[in-house]
>>> print(open('protein30.txt').read())   # compact mmCIF, C-alpha atoms
# COMPACT_ATOMS: atom_id res chain seq x y z
CA MET U 134 0.05 41.52 4.90
CA ASP U 135 1.20 40.53 8.39
CA SER U 136 4.24 38.41 9.10
CA THR U 137 2.19 35.30 9.99
CA ALA U 138 0.42 35.37 6.62
CA THR U 139 3.76 35.80 4.87
CA ILE U 140 5.24 32.82 6.73
CA ASP U 141 2.20 30.70 5.83
CA MET U 142 2.52 31.67 2.17
CA ASP U 143 6.22 30.87 2.19
CA ALA U 144 5.55 27.49 3.82
CA GLY U 145 2.91 26.69 1.21
CA ALA U 146 5.19 27.68 -1.63
CA HIS U 147 8.04 25.60 -0.22
CA LEU U 148 5.84 22.53 0.18
CA GLY U 149 4.59 23.05 -3.36
CA ARG U 150 8.16 23.01 -4.66
CA LEU U 151 9.04 19.89 -2.67
CA TRP U 152 6.30 17.72 -4.14
CA ALA U 153 5.92 19.45 -7.50
CA ARG U 154 7.44 16.50 -9.36
CA GLY U 155 5.11 14.03 -7.67
CA ARG U 156 2.07 16.21 -8.32
CA GLU U 157 2.96 16.52 -11.98
CA PHE U 158 3.57 12.79 -12.35
CA LEU U 159 0.29 11.82 -10.68
CA GLY U 160 -1.75 14.70 -12.08
CA CYS U 161 -3.17 15.73 -8.71
CA GLU U 162 -2.87 18.50 -6.13
CA THR U 163 -1.33 16.46 -3.30
CA ALA U 164 1.46 13.98 -4.06
CA ILE U 165 0.05 11.27 -1.80
CA MET U 166 -0.91 7.92 -3.27
CA GLY U 167 -3.49 5.75 -1.60
CA GLY U 168 -2.02 2.38 -0.71
CA ALA U 169 -3.69 -0.46 -2.62
CA MET U 170 -5.43 -2.58 0.03
CA THR U 171 -7.35 -5.63 -1.21
CA TRP U 172 -11.10 -5.42 -0.43
CA VAL U 173 -10.59 -1.89 0.91
CA SER U 174 -9.19 0.10 -2.03
CA GLU U 175 -12.25 -0.21 -4.24
CA ARG U 176 -14.17 2.41 -6.20
CA THR U 177 -15.65 4.27 -3.22
CA LEU U 178 -12.43 4.88 -1.30
CA VAL U 179 -10.32 5.34 -4.42
CA SER U 180 -12.62 7.98 -5.89
CA ALA U 181 -12.81 9.77 -2.52
CA ILE U 182 -9.01 9.98 -2.33
CA SER U 183 -8.79 11.37 -5.86
CA GLU U 184 -11.69 13.79 -5.31
CA ALA U 185 -9.93 15.12 -2.21
CA GLY U 186 -6.88 16.04 -4.28
CA ALA U 187 -4.62 13.02 -3.77
CA PHE U 188 -4.25 9.90 -5.95
CA GLY U 189 -6.44 6.84 -5.39
CA VAL U 190 -5.29 3.38 -6.48
CA ILE U 191 -7.63 0.42 -7.07
CA ALA U 192 -6.36 -2.83 -5.55
CA CYS U 193 -7.02 -5.48 -8.20
CA GLY U 194 -5.87 -8.33 -5.96
CA ALA U 195 -7.38 -11.59 -7.23
CA MET U 196 -10.01 -9.92 -9.45
CA GLU U 197 -10.65 -11.39 -12.86
CA PRO U 198 -10.47 -9.02 -15.88
CA ASP U 199 -14.25 -8.49 -16.15
CA ARG U 200 -14.48 -7.62 -12.46
CA LEU U 201 -11.59 -5.17 -12.74
CA ALA U 202 -13.28 -3.49 -15.70
CA LEU U 203 -16.42 -2.99 -13.61
CA GLU U 204 -14.39 -1.53 -10.75
CA ILE U 205 -12.60 0.93 -13.04
CA ALA U 206 -15.92 1.97 -14.60
CA GLY U 207 -17.41 2.36 -11.12
CA ALA U 208 -14.60 4.65 -10.01
CA ARG U 209 -14.93 6.68 -13.22
CA ALA U 210 -18.60 7.22 -12.44
CA LEU U 211 -17.61 8.73 -9.08
CA THR U 212 -14.69 10.94 -10.10
CA GLU U 213 -13.28 12.58 -13.20
CA LYS U 214 -9.89 12.94 -11.51
CA PRO U 215 -7.01 10.54 -12.21
CA PHE U 216 -6.53 7.30 -10.33
CA GLY U 217 -4.41 4.20 -10.83
CA VAL U 218 -4.72 0.42 -10.67
CA ASN U 219 -2.45 -1.89 -8.68
CA LEU U 220 -1.85 -5.30 -10.29
CA ILE U 221 -0.19 -8.30 -8.64
CA THR U 222 2.58 -9.68 -10.85
CA MET U 223 1.81 -13.27 -9.80
CA HIS U 224 -1.80 -13.08 -11.04
CA PRO U 225 -2.31 -15.88 -13.61
CA ARG U 226 -4.15 -13.47 -15.96
CA LEU U 227 -1.81 -10.53 -15.57
CA ASP U 228 -1.59 -9.83 -19.31
CA ALA U 229 -5.37 -9.69 -19.61
CA LEU U 230 -5.59 -7.36 -16.62
CA ILE U 231 -3.01 -5.05 -18.18
CA ASP U 232 -5.03 -5.04 -21.38
CA VAL U 233 -8.18 -4.08 -19.45
CA CYS U 234 -6.32 -1.13 -17.94
CA GLY U 235 -5.10 -0.14 -21.39
CA GLU U 236 -8.50 -0.47 -23.07
CA MET U 237 -10.10 1.63 -20.35
CA GLY U 238 -7.45 4.32 -20.49
CA VAL U 239 -6.07 3.91 -16.94
CA SER U 240 -3.36 6.54 -16.61
CA HIS U 241 -1.11 4.79 -14.06
CA VAL U 242 -0.49 1.07 -13.47
CA VAL U 243 1.30 -0.07 -10.33
CA LEU U 244 2.93 -3.51 -10.44
CA ALA U 245 3.33 -5.14 -7.03
CA GLY U 246 3.93 -8.51 -5.42
CA GLY U 247 7.19 -9.37 -7.15
CA LEU U 248 9.75 -8.10 -9.62
CA PRO U 249 8.02 -7.68 -13.01
CA GLY U 250 9.62 -9.01 -16.17
CA ARG U 251 10.55 -6.72 -19.04
CA ALA U 252 7.80 -8.08 -21.28
CA VAL U 253 5.16 -7.24 -18.65
CA MET U 254 6.58 -3.76 -18.16
CA ARG U 255 6.66 -3.21 -21.91
CA ARG U 256 3.03 -4.33 -22.23
CA VAL U 257 1.92 -1.71 -19.69
CA LYS U 258 3.81 1.06 -21.44
CA GLU U 259 2.61 0.07 -24.91
CA HIS U 260 -0.90 0.88 -23.70
CA GLY U 261 0.28 4.39 -22.87
CA ALA U 262 0.03 4.10 -19.08
CA LYS U 263 2.66 5.39 -16.68
CA LEU U 264 4.33 2.43 -14.99
CA VAL U 265 5.03 2.43 -11.25
CA CYS U 266 7.00 -0.42 -9.63
CA PHE U 267 7.96 -1.36 -6.07
CA ALA U 268 11.71 -1.36 -5.43
CA PRO U 269 12.83 -3.29 -2.31
CA ALA U 270 16.56 -2.50 -2.69
CA LEU U 271 18.85 -0.12 -4.56
CA PRO U 272 20.17 -2.62 -7.17
CA LEU U 273 16.59 -3.60 -8.04
CA ALA U 274 15.56 0.06 -8.16
CA ARG U 275 18.27 0.72 -10.73
CA LYS U 276 17.23 -2.33 -12.76
CA LEU U 277 13.58 -1.29 -12.79
CA VAL U 278 14.48 2.19 -14.01
CA ARG U 279 16.68 0.71 -16.75
CA ASP U 280 13.83 -1.60 -17.76
CA GLY U 281 11.40 1.28 -18.15
CA ALA U 282 9.69 2.06 -14.83
CA ASP U 283 8.37 5.63 -14.90
CA ALA U 284 8.33 5.87 -11.09
CA LEU U 285 9.17 3.77 -8.05
CA ILE U 286 7.62 3.10 -4.66
CA ILE U 287 9.92 2.13 -1.81
CA GLU U 288 7.97 0.47 1.00
CA GLY U 289 9.41 -0.29 4.40
CA ALA U 290 8.71 -3.12 6.82
CA GLU U 291 6.35 -0.92 8.87
CA ALA U 292 3.73 -1.21 6.12
CA GLY U 293 0.61 -3.33 6.49
CA GLY U 294 -0.02 -6.49 4.50
CA HIS U 295 2.77 -8.15 2.55
CA THR U 296 5.96 -6.33 3.37
CA GLY U 297 9.73 -6.58 3.13
CA PRO U 298 12.40 -6.83 5.83
CA VAL U 299 13.93 -3.33 5.70
CA ALA U 300 12.64 -0.26 7.56
CA THR U 301 11.26 2.70 5.62
CA ALA U 302 13.90 5.13 6.89
CA VAL U 303 16.73 2.79 5.85
CA LEU U 304 15.29 2.25 2.36
CA ALA U 305 14.87 6.00 1.97
CA GLN U 306 18.49 6.65 2.92
CA GLU U 307 19.67 3.91 0.59
CA ILE U 308 17.60 4.76 -2.48
CA LEU U 309 16.51 8.41 -2.50
CA PRO U 310 20.01 9.93 -2.92
CA GLU U 311 20.81 7.51 -5.75
CA ILE U 312 17.65 7.42 -7.87
CA ARG U 313 17.01 10.78 -9.53
CA ASP U 314 15.90 9.79 -13.04
CA VAL U 315 12.30 9.00 -11.99
CA PRO U 316 9.98 10.08 -9.18
CA VAL U 317 10.23 7.97 -6.02
CA PHE U 318 7.36 7.64 -3.54
CA VAL U 319 7.99 6.48 0.03
CA ALA U 320 5.61 4.14 1.90
CA GLY U 321 5.43 2.21 5.15
CA GLY U 322 4.46 3.52 8.58
CA ILE U 323 3.62 7.05 7.42
CA GLY U 324 0.77 8.59 9.39
CA ARG U 325 1.61 12.27 9.89
CA GLY U 326 2.43 15.22 7.68
CA GLU U 327 5.78 15.83 9.35
CA ALA U 328 6.92 12.41 8.11
CA VAL U 329 5.70 13.22 4.60
CA LEU U 330 7.70 16.45 4.74
CA ALA U 331 10.82 14.67 5.99
CA PHE U 332 10.82 12.24 3.07
CA LEU U 333 10.14 15.02 0.58
CA GLU U 334 13.16 16.88 1.93
CA MET U 335 15.23 13.71 1.52
CA GLY U 336 14.35 13.70 -2.18
CA ALA U 337 11.08 11.81 -2.43
CA SER U 338 8.50 13.08 -4.90
CA GLY U 339 5.64 12.06 -2.63
CA CYS U 340 4.41 9.35 -0.27
CA GLN U 341 2.01 6.43 -0.26
CA ILE U 342 -0.36 5.98 2.70
CA GLY U 343 -2.71 3.07 3.31
CA THR U 344 -3.54 2.45 6.96
CA ARG U 345 -4.86 5.96 7.68
CA PHE U 346 -7.32 5.60 4.79
CA ALA U 347 -8.48 2.07 5.69
CA ALA U 348 -10.57 3.44 8.54
CA ALA U 349 -11.78 6.52 6.66
CA GLU U 350 -15.46 7.36 6.53
CA GLU U 351 -15.60 6.42 2.84
CA SER U 352 -13.92 3.05 3.35
CA ILE U 353 -16.37 0.17 2.88
CA ALA U 354 -14.57 -1.84 5.57
CA HIS U 355 -16.88 -3.29 8.22
CA PRO U 356 -17.43 -1.11 11.33
CA ARG U 357 -15.77 -3.79 13.50
CA PHE U 358 -12.70 -3.70 11.24
CA LYS U 359 -12.48 0.07 11.67
CA GLN U 360 -12.96 -0.18 15.43
CA ALA U 361 -10.02 -2.60 15.60
CA PHE U 362 -7.92 0.08 13.92
CA LEU U 363 -9.08 2.70 16.43
CA ARG U 364 -8.05 0.42 19.30
CA GLY U 365 -4.76 -0.64 17.71
CA GLU U 366 -1.31 0.62 18.62
CA ALA U 367 1.93 0.35 16.66
CA ARG U 368 3.09 -2.69 18.64
CA ASP U 369 -0.17 -4.51 17.86
CA ALA U 370 0.61 -4.59 14.11
CA VAL U 371 2.87 -7.63 13.98
CA LEU U 372 4.37 -9.85 11.30
CA SER U 373 3.10 -13.38 10.78
CA GLN U 374 5.60 -15.83 12.23
CA GLN U 375 7.32 -18.76 10.53
CA VAL U 376 8.22 -21.66 12.82
CA ASP U 377 10.26 -23.76 10.37
CA PRO U 378 12.14 -22.52 7.26
CA ARG U 379 11.16 -25.69 5.36
CA PHE U 380 7.57 -24.48 5.60
CA PRO U 381 7.86 -20.88 4.39
CA VAL U 382 5.42 -18.20 5.47
CA VAL U 383 5.14 -14.99 3.47
CA PRO U 384 5.45 -12.22 6.08
CA VAL U 385 2.24 -10.22 6.49
CA ARG U 386 1.81 -7.37 8.96
CA ALA U 387 -1.59 -7.35 10.68
CA LEU U 388 -3.15 -6.59 14.03
CA ALA U 389 -2.71 -9.47 16.46
CA ASN U 390 -5.94 -11.40 17.05
CA GLU U 391 -7.14 -14.92 17.82
CA ALA U 392 -6.18 -16.17 14.35
CA SER U 393 -2.64 -14.82 14.52
CA ARG U 394 -2.21 -16.36 17.97
CA ARG U 395 -3.42 -19.74 16.65
CA PHE U 396 -1.23 -19.63 13.55
CA GLY U 397 1.95 -20.78 15.32
CA ALA U 398 0.23 -23.76 16.93
CA PHE U 399 -1.39 -24.61 13.61
CA GLN U 400 2.02 -24.71 11.91
CA HIS U 401 3.43 -26.97 14.61
CA GLY U 402 0.45 -29.31 14.17
CA VAL U 403 0.88 -29.55 10.40
CA ILE U 404 4.63 -30.12 10.75
CA ALA U 405 3.99 -32.91 13.28
CA ARG U 406 1.62 -34.59 10.79
CA HIS U 407 4.31 -34.31 8.11
CA ARG U 408 6.89 -35.92 10.39
CA ALA U 409 4.41 -38.70 11.18
CA GLY U 410 4.05 -39.42 7.46
CA GLU U 411 0.46 -38.20 7.17
CA LEU U 412 1.39 -35.38 4.75
CA ASP U 413 4.18 -35.05 2.24
CA LEU U 414 6.24 -31.84 2.23
CA LYS U 415 4.22 -30.12 -0.49
CA GLU U 416 0.89 -30.98 1.12
CA ALA U 417 2.09 -29.64 4.46
CA GLN U 418 3.37 -26.43 2.89
CA LEU U 419 0.06 -25.86 1.10
CA GLU U 420 -1.96 -26.52 4.25
CA ILE U 421 0.02 -23.85 6.11
CA GLU U 422 -0.32 -21.46 3.18
CA HIS U 423 -4.09 -21.97 3.08
CA PHE U 424 -4.57 -21.12 6.77
CA TRP U 425 -5.27 -17.50 5.83
CA ALA U 426 -7.40 -18.24 2.75
CA GLY U 427 -10.31 -15.81 2.73
CA ALA U 428 -9.19 -14.30 6.02
CA LEU U 429 -8.83 -10.74 4.73
CA ARG U 430 -12.33 -10.72 3.25
CA ARG U 431 -13.74 -12.14 6.49
CA ALA U 432 -12.25 -9.23 8.41
CA VAL U 433 -12.85 -6.37 5.97
CA ILE U 434 -16.26 -7.32 4.57
CA GLU U 435 -17.81 -9.62 7.18
CA GLY U 436 -16.33 -7.95 10.26
CA ASP U 437 -14.83 -11.15 11.68
CA VAL U 438 -12.01 -9.52 13.63
CA GLU U 439 -11.04 -12.70 15.50
CA THR U 440 -10.47 -15.27 12.73
CA GLY U 441 -10.02 -12.75 9.89
CA SER U 442 -6.82 -10.97 8.91
CA LEU U 443 -6.59 -7.39 10.17
CA MET U 444 -3.86 -6.19 7.81
CA ALA U 445 -2.52 -2.89 9.14
CA GLY U 446 0.70 -0.93 9.17
CA GLN U 447 2.43 0.24 12.34
CA SER U 448 0.97 3.71 11.73
CA VAL U 449 -2.33 2.24 12.98
CA GLY U 450 -1.72 3.92 16.33
CA MET U 451 -2.21 7.25 14.56
CA VAL U 452 -5.74 6.31 13.49
CA LYS U 453 -7.71 8.16 16.16
CA GLN U 454 -11.16 8.54 14.60
CA ILE U 455 -13.29 7.60 11.64
CA GLU U 456 -13.23 10.70 9.47
CA PRO U 457 -13.57 11.67 5.81
CA VAL U 458 -10.63 11.22 3.46
CA SER U 459 -10.60 14.99 2.90
CA ALA U 460 -10.08 15.58 6.63
CA ILE U 461 -7.17 13.13 6.73
CA LEU U 462 -5.48 14.86 3.80
CA ASP U 463 -6.16 18.32 5.27
CA GLU U 464 -4.52 17.21 8.51
CA LEU U 465 -1.46 15.79 6.73
CA ARG U 466 -0.99 19.00 4.74
CA ALA U 467 -1.53 21.17 7.83
CA GLN U 468 1.06 19.23 9.83
CA ALA U 469 3.66 19.59 7.08
CA LEU U 470 2.93 23.30 6.68
CA ALA U 471 3.02 23.91 10.44
CA MET U 472 6.47 22.40 10.67
CA LEU U 473 7.74 24.56 7.81
CA ALA U 474 6.17 27.66 9.35
CA GLU U 475 7.69 26.86 12.74
CA ARG U 476 11.13 26.71 11.19
CA SER U 477 10.61 30.10 9.55
CA CYS U 478 9.77 31.61 12.93
CA SER U 479 12.80 30.19 14.72
>>> encode(input="protein30.txt", output="structure tokens")
Amino acid sequence: MDSTATIDMDAGAHLGRLWARGREFLGCETAIMGGAMTWVSERTLVSAISEAGAFGVIACGAMEPDRLALEIAGARALTEKPFGVNLITMHPRLDALIDVCGEMGVSHVVLAGGLPGRAVMRRVKEHGAKLVCFAPALPLARKLVRDGADALIIEGAEAGGHTGPVATAVLAQEILPEIRDVPVFVAGGIGRGEAVLAFLEMGASGCQIGTRFAAAEESIAHPRFKQAFLRGEARDAVLSQQVDPRFPVVPVRALANEASRRFGAFQHGVIARHRAGELDLKEAQLEIEHFWAGALRRAVIEGDVETGSLMAGQSVGMVKQIEPVSAILDELRAQALAMLAERSCS
């Protein structure tokens, strides 16, 4: 066996050790979770991610229980490999959605969109599922572990969609050295295998990636949505702006378009109507909140890339072509292995 083959084997073995805990927890070959993207992370993309050796996650979003059951069944028809379901904690029928996951034997449930209560966490675990929670800060990470989370995701501000204020690298430095009891997966702005490797070496058990998969061949997103990703650069994925703290705006990262440019002027118009006595405070707040109603579906499903919401992480600049999920995962693994091999040669 020549030295190059030996180095490649050593690199593969080292990478295997680094994400062994994540692979065991997820039950897959590659400790990469697919980010749950509403309208995008449905049965086709989720099953493709799992079939390619990673871990797909269905985005429940606003689905009702019957619709979620159909989506789970649809994914099961496409893959026998494990996948998870992401549930939003603010969903009015959260308990029923958890029960659907339990009745259908979903192996992993991810709770997102807010800090889950202990009763909700207990309900997930009573069904026998592994519970994954998002931890936006170290004190909350510790609380979630105490309350029964089986694994955590730490997601930085570079992520697409609803995101927090702290960068991925800062969260990783804050949380990874301190949380050892459960696997921790890092998310937000990850688009290359070298970054995956870096977080694994910091103590992560794996990573979560969304934006790279949104424009995959198997993604059902409209061709115009995917083309917007191909054109996009990191600086184009911006946070929605809030013009007045009395009229709160939940920060969402998306590609700048006509709608995002109009959003500021729209807020100013609504606030002016409130000051003129045409709207009370609550009415004005709701009108601003409803500006984006249906906007994600318009972009993803209908291809309206001007008035729809093009949710994307800052890794969008690394989306260079529409390619199969398997090719994306092969590239990520190859990049990580190449870096390890390069070190061995130096």
>>> closest_residue(input="protein30.txt", among="U:Glu456, U:Glu464, U:Asp143, U:Asp199", to="Ala347 (chain U)", atoms="only C-alpha atoms")
U:Glu456
>>> residues_near_point(input="protein30.txt", point="(7.6, 21.8, 1.2)", cutoff="9 Å", atoms="only C-alpha atoms", output="MDAnalysis selection string")
chainID U and resid 144:152 330 333:334 469:470 473
>>> residues_near_point(input="protein30.txt", point="(1.1, -31.9, 5.1)", cutoff="12 Å", atoms="all atoms listed in the file", output="list of chain:residue names")
U:Arg379, U:Phe380, U:Phe399, U:Gln400, U:His401, U:Gly402, U:Val403, U:Ile404, U:Ala405, U:Arg406, U:His407, U:Arg408, U:Ala409, U:Gly410, U:Glu411, U:Leu412, U:Asp413, U:Leu414, U:Lys415, U:Glu416, U:Ala417, U:Gln418, U:Leu419, U:Glu420, U:Ile421, U:Glu422, U:His423
>>> residues_around(input="protein30.txt", residues="region 276-280 of chain U", least_positions_apart="5", cutoff="8 Å", atoms="all atoms listed in the file", output="ChimeraX atom specification")
/U:251,254,266,268,314-315
>>> atom_distance(input="protein30.txt", atom1="CA of Met237 (chain U)", atom2="CA of Leu285 (chain U)")
23.0 Å
>>> atom_distance(input="protein30.txt", atom1="CA of Ala270 (chain U)", atom2="CA of Ala153 (chain U)")
24.9 Å
>>> closest_residue(input="protein30.txt", among="U:Val299, U:Leu372, U:Val233, U:Val449", to="Phe396 (chain U)", atoms="all atoms listed in the file")
U:Leu372
>>> residues_around(input="protein30.txt", residues="region 210-222 of chain U", least_positions_apart="6", cutoff="6 Å", atoms="all atoms listed in the file", output="number ranges by chain")
U: 180, 183, 188-193, 241-247
